[in-house]
Amino acid sequence: MARKIKVMISSRCSDLVSIGTKTISYTDLRKYLLEELEKEQMLNQDLFDVVISEYIVEPAGETSWNTCIKEIVDSDIVLVWFTGHEGYKDPGKSIGICYAEYIEAIQSNPSKVFILDFRKLKLLYADKNEIPNAVKKDSDFAKEIIRRDKWLQRVELDKCKTLDDLKSEVLRKSYELIFAAVTNFIISGSTTLRQTTHVFGEGLLWNKLNYTFRQQTIKYYVEKTVNKFIVEEDFKLLKNTFISHAIPDAMSVVEAREMVGRPFLNDLEHLPKVNIGPIHIIGVYKNATERQLRDVIGHQDVAIIQEDFGFYVWDLVNHIQLVYIINCKDPEVTTLQTQAFFTWLRVQDETQWIIDRARRRKEILKTIDHQKVVLTGNLK
């Protein structure tokens, strides 16, 4: 029998939300949402198993810290109730438990993290002193959220007139976030199945194409997706940097692999056209292995990072950068896999580093271009 969807609510417990002369604790709000969510059914089956720290841990300490972190990893959806405060800081820990839970959730699966932002409301510590704007806006936790805000799934709570209004708003917007999570997971799960089954629709059509047409088609969709992202603010320095290619079969098939070969050998040709770089992005119809990618570079001083989208390859000596987008079996999967690369850049804050490496690569190419020998006249 299928298990229920596990939702963890991550927040402070004893802090308060103040409306007029009345207050309500996060513990009471969390228990309210837990009870409402666990009433939800689909096809007469209970849908959610909601986790809050009040029901799983002892008073704050090492054991409770580890228990909360484990629950974060095991949860399907992490609903972060965000105030800017990083939470209780265990002795010996550099950050508070709320911040730690958020980081653990991001690292385990960023797509399961959803943020309900309380900072527009009047927030109090348990002793009734107001939480200052310096905590709400300028804490390290707040700066972390701001830094990732271009892709974080976050909604803000508006000011409410009564506690009942607040509870209704918390319920409505939490449902909004959880609905987005469930639908996203269903769609992405369906896409994952399509990555292994391509005997219908566009997948069947691509399977019938010869190498030349398949290469052109994969390259078209990779390039189209890249062009959509490089106009965005955090990627604009990468404009005219990515060079698209496609391998129309698995990397293990020599004939397909050699249709791209070592594309960086022609980098001097791209020098006048690129702002920085170039960076080669290669759609692969099937799969690739780390060993095959090392063989492309030709030496061992190379960093190879494997992610869901495929591989990011960086030659530490010459600053060559290659991105391999794997399982490009049809237009939708090719687009989603390429999008996943740009999501990875954002989540891991890697954009600034690939820009720096691309700039270094361009300087190397300029030096090579300046030093190349032009042979003229008769040779004897």
# chains A, B, ... in the order shown; residues from 1 in each chain; ligands from 1
>>> residues_around(residues="range 87-90 of chain A", least_positions_apart="6", cutoff="12 Å", atoms="only C-alpha atoms", output="number ranges by chain")
A: 10-15, 59-66, 81, 96-102, 125, 135, 139-141
>>> select_by_dssp(residues="range 105-194 of chain A", states="helix (DSSP H, G or I)", output="PyMOL selection string")
chain A and resi 105-108+110-112+133-138+140-147+163-194
>>> residues_around(residues="Trp151 in chain A", least_positions_apart="4", cutoff="9 Å", atoms="only C-alpha atoms", output="list in words")
Thr343, Arg346 and Val347 of chain A
>>> residues_around(residues="Gln306 in chain A", least_positions_apart="4", cutoff="12 Å", atoms="only C-alpha atoms", output="PDB file with C-alpha atoms, in the first residue's frame")
ATOM      1  CA  ASN A 287      23.848   8.391 -21.327  1.00  0.00           C
ATOM      2  CA  ALA A 288      27.506   9.009 -20.580  1.00  0.00           C
ATOM      3  CA  THR A 289      30.043   7.891 -17.985  1.00  0.00           C
ATOM      4  CA  GLU A 290      32.711   9.749 -16.048  1.00  0.00           C
ATOM      5  CA  LEU A 293      34.260  12.319 -20.176  1.00  0.00           C
ATOM      6  CA  GLY A 310      24.010  14.988 -16.491  1.00  0.00           C
ATOM      7  CA  PHE A 311      27.595  16.156 -15.988  1.00  0.00           C
ATOM      8  CA  TYR A 312      29.477  19.409 -15.517  1.00  0.00           C
ATOM      9  CA  VAL A 313      33.134  19.055 -16.564  1.00  0.00           C
ATOM     10  CA  TRP A 314      35.900  21.555 -15.797  1.00  0.00           C
ATOM     11  CA  VAL A 323      28.100  20.541 -19.834  1.00  0.00           C
ATOM     12  CA  TYR A 324      26.628  17.183 -20.829  1.00  0.00           C
ATOM     13  CA  ILE A 325      22.815  17.070 -20.769  1.00  0.00           C
ATOM     14  CA  ILE A 326      21.886  13.369 -20.770  1.00  0.00           C
ATOM     15  CA  PHE A 341      21.329  22.549 -15.297  1.00  0.00           C
ATOM     16  CA  TRP A 344      21.703  23.606 -10.369  1.00  0.00           C
TER      17      TRP A 344
END
>>> closest_residue(among="A:Leu166, A:Leu265, A:Leu336, A:Ile52", to="Val7 in chain A", atoms="only C-alpha atoms")
A:Ile52
>>> closest_residue(among="A:Arg30, A:Met251, A:His270, A:Asp74", to="Ile9 in chain A", atoms="only C-alpha atoms")
A:Arg30
